[in-house]
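A quick write-up on the structure given underneath.
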Amino acid sequence: HEWGDDGEAARGLTEWIEEFQNSDDPDKVDQGSEAFLALLETITDPEMHERLNETGHSVEDEEKDVTWENVSFTHLNPEIADSFADLFLNNIEVMENSVGFNFDEDAVGENDDPSIYDVDDEYLGDGKLILDPMTRLVFAEYIVGSEDAAARLEAASFFRTEEAASTYFNEYPPDVSEARDSGIFDALIDKAIEKEHQNRFDATNGAIDYKNQVTNNATDMVAAVFNEIPVPGISTASEIMKQGFKEVMSMDHIDAARDTSSDFSPIALDNRATLHAAIAVENSGEHTFGEDVDFLRDPDTGEISLDPHHWISEGGGTSFDSDAYQDALDSIYSELRDMKWPGAENELGSSVISDFSRFSSAGREALDSRT
């Protein structure tokens, strides 16, 4: 159905679920969690999914000069997609749980790839849910029917990976579960966006790069959120992003839009992993990087900063200097490559960095095995 208010009134049917799940009243927690499970079981049912994913309605997009055909019900009603995004973020521990993902080499064989297996969607009590990986993926697919909601999830995924990287690189041996869990979260969102991109391409006579548009929007959101929080982390960032895409984008932020699929992007995984590694190494007191890395330092503290706003302050302006960023990271990696990692007996920095990316990508490999 197409509501005249983009589904704003209808979203009230589910908005209470988040409030109840976060309540101090155990009975409300049970009611909210059971309602969330019932919602997922309803909308991810194969027959219902087919009906809601292809409504037969069209949406005119004046900004892109295209008419999207046979859109999903959340594309038709973006307020509902936005409310679903709130629920997705509120249940992040459920969404990124490794239940249903097979990463164990002893179980699948040393040369076998990660995979997924079926689990029953279930409420265990005390607010704890178990969801099949495909249930989570279909729910994400509904959300990304709205470009704004998709950008919110993509930005949330970035900050979840930031949190995981901080934990991973600041202890030895590293906590690989953080990399894997955040990788599952990212994979669900990325796969859902790719599916929506393909659906729009197949149903519409127009080659609009939906995936790249969403990623560019998310990059701008990341830049805006960085300007508002002291330390990146999903718990803080998600609260800001719950204000909605337009509210976040009204914040002051650097101009970060570019080909975000390239390794030169400020949100590219390998580059951010190298940045976190550099901070962890300097914090250990065992090494200080040379002047080639000064571009990445906060001018007030002299410490390597995660915030791109600090990288441009010295030059004035508001544009991101991708060349200076990449040169600094290349310098870091060249020093870490053959350096023994702090606290390790023999492991080198290059191995610790590459392992983070490898564990992070395992969730995507597992989903690819089914989809």
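Chain labels follow the order of the structure tokens: the first chain is A, the next B, and so on; residue numbering restarts at 1 in every chain, and ligands are counted from 1 in their shown order.
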Excluding A:Ala38 and any residue of its chain fewer than 2 positions from it, enumerate the residues within 12 Å of it, using only C-alpha atoms, and give them as a short mmCIF file (atom, residue, chain, number, x, y, z; two decimals) with all heavy atoms, in the first residue's frame.
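Result went into part30.cif, see below:
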```
data_model
loop_
_atom_site.label_atom_id
_atom_site.label_comp_id
_atom_site.auth_asym_id
_atom_site.auth_seq_id
_atom_site.Cartn_x
_atom_site.Cartn_y
_atom_site.Cartn_z
N THR A 14 5.25 -0.17 14.73
CA THR A 14 6.46 -0.90 15.17
C THR A 14 7.39 -0.07 16.05
O THR A 14 8.29 -0.62 16.68
CB THR A 14 7.27 -1.38 13.94
OG1 THR A 14 7.64 -0.25 13.15
CG2 THR A 14 6.45 -2.34 13.09
N ILE A 17 8.30 -1.05 19.66
CA ILE A 17 9.09 -2.27 19.92
C ILE A 17 10.46 -1.92 20.49
O ILE A 17 10.92 -2.52 21.47
CB ILE A 17 9.25 -3.10 18.63
CG1 ILE A 17 7.89 -3.64 18.19
CG2 ILE A 17 10.25 -4.24 18.84
CD1 ILE A 17 7.94 -4.39 16.86
N GLN A 31 7.80 -8.56 25.81
CA GLN A 31 6.79 -8.18 24.82
C GLN A 31 7.43 -7.57 23.58
O GLN A 31 7.06 -7.89 22.45
CB GLN A 31 5.81 -7.18 25.45
CG GLN A 31 4.93 -7.76 26.53
CD GLN A 31 4.10 -6.68 27.23
OE1 GLN A 31 3.61 -5.74 26.61
NE2 GLN A 31 3.96 -6.82 28.53
N GLY A 32 8.41 -6.68 23.80
CA GLY A 32 9.07 -6.04 22.67
C GLY A 32 9.86 -7.03 21.83
O GLY A 32 9.80 -6.99 20.59
N SER A 33 10.58 -7.93 22.49
CA SER A 33 11.40 -8.91 21.77
C SER A 33 10.53 -9.91 21.02
O SER A 33 10.83 -10.28 19.88
CB SER A 33 12.32 -9.64 22.75
OG SER A 33 13.21 -8.73 23.38
N GLU A 34 9.44 -10.35 21.65
CA GLU A 34 8.53 -11.28 20.98
C GLU A 34 7.84 -10.61 19.80
O GLU A 34 7.62 -11.25 18.76
CB GLU A 34 7.52 -11.82 21.99
CG GLU A 34 8.13 -12.78 23.01
CD GLU A 34 7.18 -13.11 24.15
OE1 GLU A 34 6.11 -12.45 24.24
OE2 GLU A 34 7.50 -14.00 24.96
N ALA A 35 7.50 -9.33 19.95
CA ALA A 35 6.88 -8.61 18.84
C ALA A 35 7.86 -8.43 17.68
O ALA A 35 7.47 -8.54 16.50
CB ALA A 35 6.39 -7.24 19.33
N PHE A 36 9.13 -8.18 17.99
CA PHE A 36 10.14 -8.05 16.94
C PHE A 36 10.29 -9.36 16.18
O PHE A 36 10.36 -9.38 14.95
CB PHE A 36 11.47 -7.61 17.56
CG PHE A 36 12.57 -7.39 16.56
CD1 PHE A 36 12.36 -6.65 15.41
CD2 PHE A 36 13.84 -7.93 16.78
CE1 PHE A 36 13.38 -6.45 14.49
CE2 PHE A 36 14.86 -7.73 15.87
CZ PHE A 36 14.62 -7.00 14.72
N LEU A 40 9.47 -10.08 12.18
CA LEU A 40 10.43 -10.67 11.25
C LEU A 40 9.87 -11.94 10.61
O LEU A 40 10.03 -12.16 9.41
CB LEU A 40 11.74 -10.99 11.98
CG LEU A 40 12.56 -9.79 12.43
CD1 LEU A 40 13.78 -10.26 13.23
CD2 LEU A 40 13.01 -8.96 11.25
N GLU A 41 9.22 -12.77 11.41
CA GLU A 41 8.65 -14.00 10.87
C GLU A 41 7.59 -13.70 9.81
O GLU A 41 7.44 -14.43 8.83
CB GLU A 41 8.06 -14.85 11.99
CG GLU A 41 9.13 -15.47 12.90
CD GLU A 41 8.52 -16.25 14.05
OE1 GLU A 41 7.35 -15.98 14.40
OE2 GLU A 41 9.23 -17.12 14.61
N THR A 42 6.86 -12.60 10.00
CA THR A 42 5.80 -12.22 9.05
C THR A 42 6.38 -11.70 7.75
O THR A 42 6.03 -12.16 6.66
CB THR A 42 4.88 -11.16 9.67
OG1 THR A 42 4.27 -11.69 10.85
CG2 THR A 42 3.80 -10.75 8.68
N ILE A 43 7.30 -10.73 7.84
CA ILE A 43 7.75 -10.05 6.62
C ILE A 43 8.84 -10.82 5.88
O ILE A 43 9.13 -10.52 4.72
CB ILE A 43 8.25 -8.62 6.93
CG1 ILE A 43 9.48 -8.64 7.83
CG2 ILE A 43 7.13 -7.78 7.53
CD1 ILE A 43 10.07 -7.25 8.08
N THR A 44 9.46 -11.81 6.55
CA THR A 44 10.48 -12.61 5.85
C THR A 44 9.92 -13.94 5.34
O THR A 44 10.65 -14.71 4.73
CB THR A 44 11.70 -12.89 6.76
OG1 THR A 44 11.30 -13.65 7.90
CG2 THR A 44 12.33 -11.58 7.21
N ASP A 45 8.65 -14.20 5.60
CA ASP A 45 8.01 -15.37 5.00
C ASP A 45 8.15 -15.26 3.47
O ASP A 45 7.92 -14.19 2.90
CB ASP A 45 6.54 -15.41 5.39
CG ASP A 45 5.77 -16.50 4.66
OD1 ASP A 45 5.87 -17.65 5.07
OD2 ASP A 45 5.09 -16.16 3.64
N ASP A 121 14.65 -19.27 14.04
CA ASP A 121 14.45 -17.98 14.70
C ASP A 121 13.76 -18.22 16.04
O ASP A 121 12.73 -18.90 16.10
CB ASP A 121 13.58 -17.06 13.83
CG ASP A 121 14.22 -16.76 12.49
OD1 ASP A 121 15.46 -16.74 12.42
OD2 ASP A 121 13.48 -16.54 11.51
N GLU A 122 14.33 -17.66 17.11
CA GLU A 122 13.83 -18.04 18.43
C GLU A 122 14.09 -16.92 19.44
O GLU A 122 15.12 -16.24 19.40
CB GLU A 122 14.54 -19.32 18.87
CG GLU A 122 14.06 -19.91 20.17
CD GLU A 122 14.80 -21.19 20.52
OE1 GLU A 122 15.74 -21.57 19.78
OE2 GLU A 122 14.46 -21.81 21.54
N TYR A 123 13.14 -16.75 20.37
CA TYR A 123 13.35 -15.85 21.51
C TYR A 123 13.68 -16.70 22.73
O TYR A 123 12.92 -17.59 23.11
CB TYR A 123 12.11 -15.00 21.77
CG TYR A 123 12.26 -14.08 22.97
CD1 TYR A 123 13.35 -13.21 23.06
CD2 TYR A 123 11.34 -14.11 24.02
CE1 TYR A 123 13.52 -12.37 24.15
CE2 TYR A 123 11.50 -13.26 25.11
CZ TYR A 123 12.59 -12.41 25.18
OH TYR A 123 12.76 -11.58 26.26
N LEU A 129 17.67 -12.94 21.45
CA LEU A 129 17.09 -13.51 20.25
C LEU A 129 18.14 -14.27 19.45
O LEU A 129 19.32 -13.91 19.46
CB LEU A 129 16.51 -12.41 19.36
CG LEU A 129 15.21 -11.74 19.81
CD1 LEU A 129 15.09 -10.37 19.18
CD2 LEU A 129 14.01 -12.60 19.42
N LEU A 131 18.56 -15.38 15.40
CA LEU A 131 17.97 -15.21 14.07
C LEU A 131 18.82 -15.92 13.03
O LEU A 131 20.05 -15.84 13.05
CB LEU A 131 17.86 -13.73 13.71
CG LEU A 131 16.96 -12.86 14.58
CD1 LEU A 131 17.02 -11.41 14.10
CD2 LEU A 131 15.52 -13.37 14.56
N THR A 135 17.22 -14.65 7.59
CA THR A 135 16.20 -13.75 8.17
C THR A 135 16.78 -12.36 8.32
O THR A 135 16.15 -11.36 7.97
CB THR A 135 15.75 -14.27 9.54
OG1 THR A 135 15.14 -15.56 9.40
CG2 THR A 135 14.75 -13.32 10.19
#
```
**Item:** Test item: residues at most 12 Å from A:Tyr117, only C-alpha atoms, excluding those fewer than 4 positions along its chain, as a PyMOL selection string
**Value:** chain A and resi 98-103+108+131-135+366-367+369-370
**Prompt:** Smallest atom-to-atom distance to A:Leu269: which of A:Gln198, A:Ser166, A:Ser360, A:Gln21, using only C-alpha atoms?
**Reply:**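 Of all the options, A:Ser360 lies closest to A:Leu269.
Of the residues under consideration (A:Arg297, A:His75, A:His309, A:Lys128), A:His75 shows the shortest atom-to-atom contact distance to A:Asn199 when counting only C-alpha atoms.
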**Complete:** Across A:Ile184, A:Asn216, A:Asp323, A:Asn53, the smallest distance to A:Pro114, with only C-alpha atoms counted, is shown by A:Ile184
**Message:** Applying 9 Å and only C-alpha atoms, which residues near A:Asp126 remain after dropping the ones on its own chain fewer than 6 positions away? List them as a ChimeraX atom specification.
**Reply:** /A:26,29-30,33
Selected residues written out with all heavy atoms, as a compact mmCIF listing (two decimals), in the first residue's frame:
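Written out: result-v5.txt:
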```txt
# COMPACT_ATOMS: atom_id res chain seq x y z
N PRO A 26 11.14 -6.17 32.85
CA PRO A 26 11.35 -7.45 32.14
C PRO A 26 10.15 -7.87 31.30
O PRO A 26 10.33 -8.47 30.23
CB PRO A 26 11.60 -8.45 33.27
CG PRO A 26 12.08 -7.62 34.42
CD PRO A 26 11.36 -6.31 34.30
N VAL A 29 10.32 -5.97 28.10
CA VAL A 29 11.41 -6.51 27.27
C VAL A 29 10.94 -7.76 26.54
O VAL A 29 11.18 -7.92 25.33
CB VAL A 29 12.64 -6.83 28.14
CG1 VAL A 29 13.70 -7.58 27.32
CG2 VAL A 29 13.24 -5.55 28.71
N ASP A 30 10.24 -8.64 27.26
CA ASP A 30 9.70 -9.85 26.62
C ASP A 30 8.71 -9.49 25.52
O ASP A 30 8.77 -10.05 24.41
CB ASP A 30 9.00 -10.74 27.66
CG ASP A 30 9.98 -11.45 28.59
OD1 ASP A 30 11.17 -11.55 28.22
OD2 ASP A 30 9.56 -11.89 29.67
N SER A 33 10.58 -7.93 22.49
CA SER A 33 11.40 -8.91 21.77
C SER A 33 10.53 -9.91 21.02
O SER A 33 10.83 -10.28 19.88
CB SER A 33 12.32 -9.64 22.75
OG SER A 33 13.21 -8.73 23.38
```
**Message:** Which residues are close to A:Gln213, i.e. within 9 Å by only C-alpha atoms, leaving aside same-chain residues fewer than 5 positions away? Reply as JSON, numbers by chain.
**Reply:** {"A": [147, 151, 208, 218]}
**Distance query stretch 344-350 of chain A at most 8 Å, only C-alpha atoms, self and fewer than 5 positions along chain excluded, as number ranges by chain** = A: 172-173, 333, 336-339
Write the residues of the selection above to a file with C-alpha atoms, as a PDB file, in the first residue's frame.
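Once everything was written out, this is selection28.pdb:
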```pdb
ATOM      1  CA  TYR A 172      47.489  -9.136  21.912  1.00  0.00           C
ATOM      2  CA  PRO A 173      46.660 -11.724  20.859  1.00  0.00           C
ATOM      3  CA  TYR A 333      52.699   0.152   6.441  1.00  0.00           C
ATOM      4  CA  LEU A 336      55.122  -1.979  10.232  1.00  0.00           C
ATOM      5  CA  ARG A 337      55.540  -4.584   7.523  1.00  0.00           C
ATOM      6  CA  ASP A 338      58.711  -6.188   8.895  1.00  0.00           C
ATOM      7  CA  MET A 339      58.395  -4.943  12.479  1.00  0.00           C
TER       8      MET A 339
END
```
**Prompt:** So how far away is atom CA of A:Lys195 from atom CA of A:Val66, in Å?
**Reply:**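 According to the coordinates, atom CA of A:Val66 and atom CA of A:Lys195 are separated by 18.9 Å.
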Residues of stretch 321-350 of chain A within 10 Å of stretch 282-294 of chain A: nearest atom pair and distance (Å, one decimal) for each, counting only C-alpha atoms, sorted by chain and number, as a tab-separated table?
```
residue	atom	partner	partner_atom	distance
A:Ala324	CA	A:Val293	CA	9.2
A:Tyr325	CA	A:Val293	CA	8.9
A:Asp327	CA	A:Asp292	CA	7.7
A:Ala328	CA	A:Val293	CA	4.8
A:Leu329	CA	A:Val293	CA	7.4
A:Asp330	CA	A:Val293	CA	9.3
A:Ser331	CA	A:Asp292	CA	6.5
A:Ile332	CA	A:Phe289	CA	7.1
A:Glu335	CA	A:Phe289	CA	8.0
A:Leu336	CA	A:Phe289	CA	9.6
A:Met339	CA	A:His287	CA	9.7
A:Trp341	CA	A:Glu286	CA	9.3
A:Pro342	CA	A:Ser284	CA	6.9
A:Gly343	CA	A:Ser284	CA	9.0
```
**Asked** Do you know which residues are at most 9 Å from A:Asp270 counting only C-alpha atoms, after dropping those on the same chain fewer than 6 positions away, and could you put them as a ChimeraX atom specification?
**Response** /A:263,353-354,356-357
Using only all heavy atoms, please write the residues we just selected to a file, as an mmCIF file, in the first residue's frame.
```
data_model
loop_
_atom_site.group_PDB
_atom_site.id
_atom_site.type_symbol
_atom_site.label_atom_id
_atom_site.label_comp_id
_atom_site.auth_asym_id
_atom_site.auth_seq_id
_atom_site.Cartn_x
_atom_site.Cartn_y
_atom_site.Cartn_z
ATOM 1 N N ASP A 263 40.622 2.042 -2.985
ATOM 2 C CA ASP A 263 41.441 1.939 -1.779
ATOM 3 C C ASP A 263 41.834 3.309 -1.245
ATOM 4 O O ASP A 263 42.365 3.417 -0.138
ATOM 5 C CB ASP A 263 42.713 1.135 -2.076
ATOM 6 C CG ASP A 263 42.415 -0.340 -2.279
ATOM 7 O OD1 ASP A 263 41.369 -0.788 -1.783
ATOM 8 O OD2 ASP A 263 43.211 -1.028 -2.930
ATOM 9 N N ILE A 353 47.780 -6.845 10.621
ATOM 10 C CA ILE A 353 46.890 -5.994 9.828
ATOM 11 C C ILE A 353 46.105 -6.820 8.823
ATOM 12 O O ILE A 353 44.872 -6.679 8.698
ATOM 13 C CB ILE A 353 47.694 -4.899 9.107
ATOM 14 C CG1 ILE A 353 48.323 -3.943 10.130
ATOM 15 C CG2 ILE A 353 46.799 -4.116 8.141
ATOM 16 C CD1 ILE A 353 49.290 -2.954 9.517
ATOM 17 N N SER A 354 46.767 -7.692 8.097
ATOM 18 C CA SER A 354 46.082 -8.488 7.074
ATOM 19 C C SER A 354 45.072 -9.447 7.687
ATOM 20 O O SER A 354 44.027 -9.726 7.089
ATOM 21 C CB SER A 354 47.090 -9.254 6.216
ATOM 22 O OG SER A 354 47.805 -10.195 6.986
ATOM 23 N N PHE A 356 43.209 -8.862 10.279
ATOM 24 C CA PHE A 356 41.981 -8.131 10.594
ATOM 25 C C PHE A 356 41.066 -8.088 9.372
ATOM 26 O O PHE A 356 39.865 -8.359 9.464
ATOM 27 C CB PHE A 356 42.286 -6.709 11.062
ATOM 28 C CG PHE A 356 41.040 -5.915 11.378
ATOM 29 C CD1 PHE A 356 40.378 -6.104 12.579
ATOM 30 C CD2 PHE A 356 40.521 -4.996 10.472
ATOM 31 C CE1 PHE A 356 39.217 -5.405 12.870
ATOM 32 C CE2 PHE A 356 39.364 -4.288 10.750
ATOM 33 C CZ PHE A 356 38.708 -4.483 11.960
ATOM 34 N N SER A 357 41.634 -7.756 8.220
ATOM 35 C CA SER A 357 40.841 -7.724 6.988
ATOM 36 C C SER A 357 40.314 -9.109 6.630
ATOM 37 O O SER A 357 39.173 -9.261 6.167
ATOM 38 C CB SER A 357 41.677 -7.166 5.834
ATOM 39 O OG SER A 357 42.075 -5.840 6.094
#
```
**Item:** Residue with smallest distance to A:Asp86 - pool A:Glu15, A:Glu303, A:Asp202, A:Glu62, counting only C-alpha atoms
**Value:**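 Using only C-alpha atoms, A:Asp86 sits closest to A:Glu15.
Nearest residue to A:Pro46 among A:Ile193, A:Ala149, A:Val138, A:Ala81 is A:Val138, counting only C-alpha atoms.
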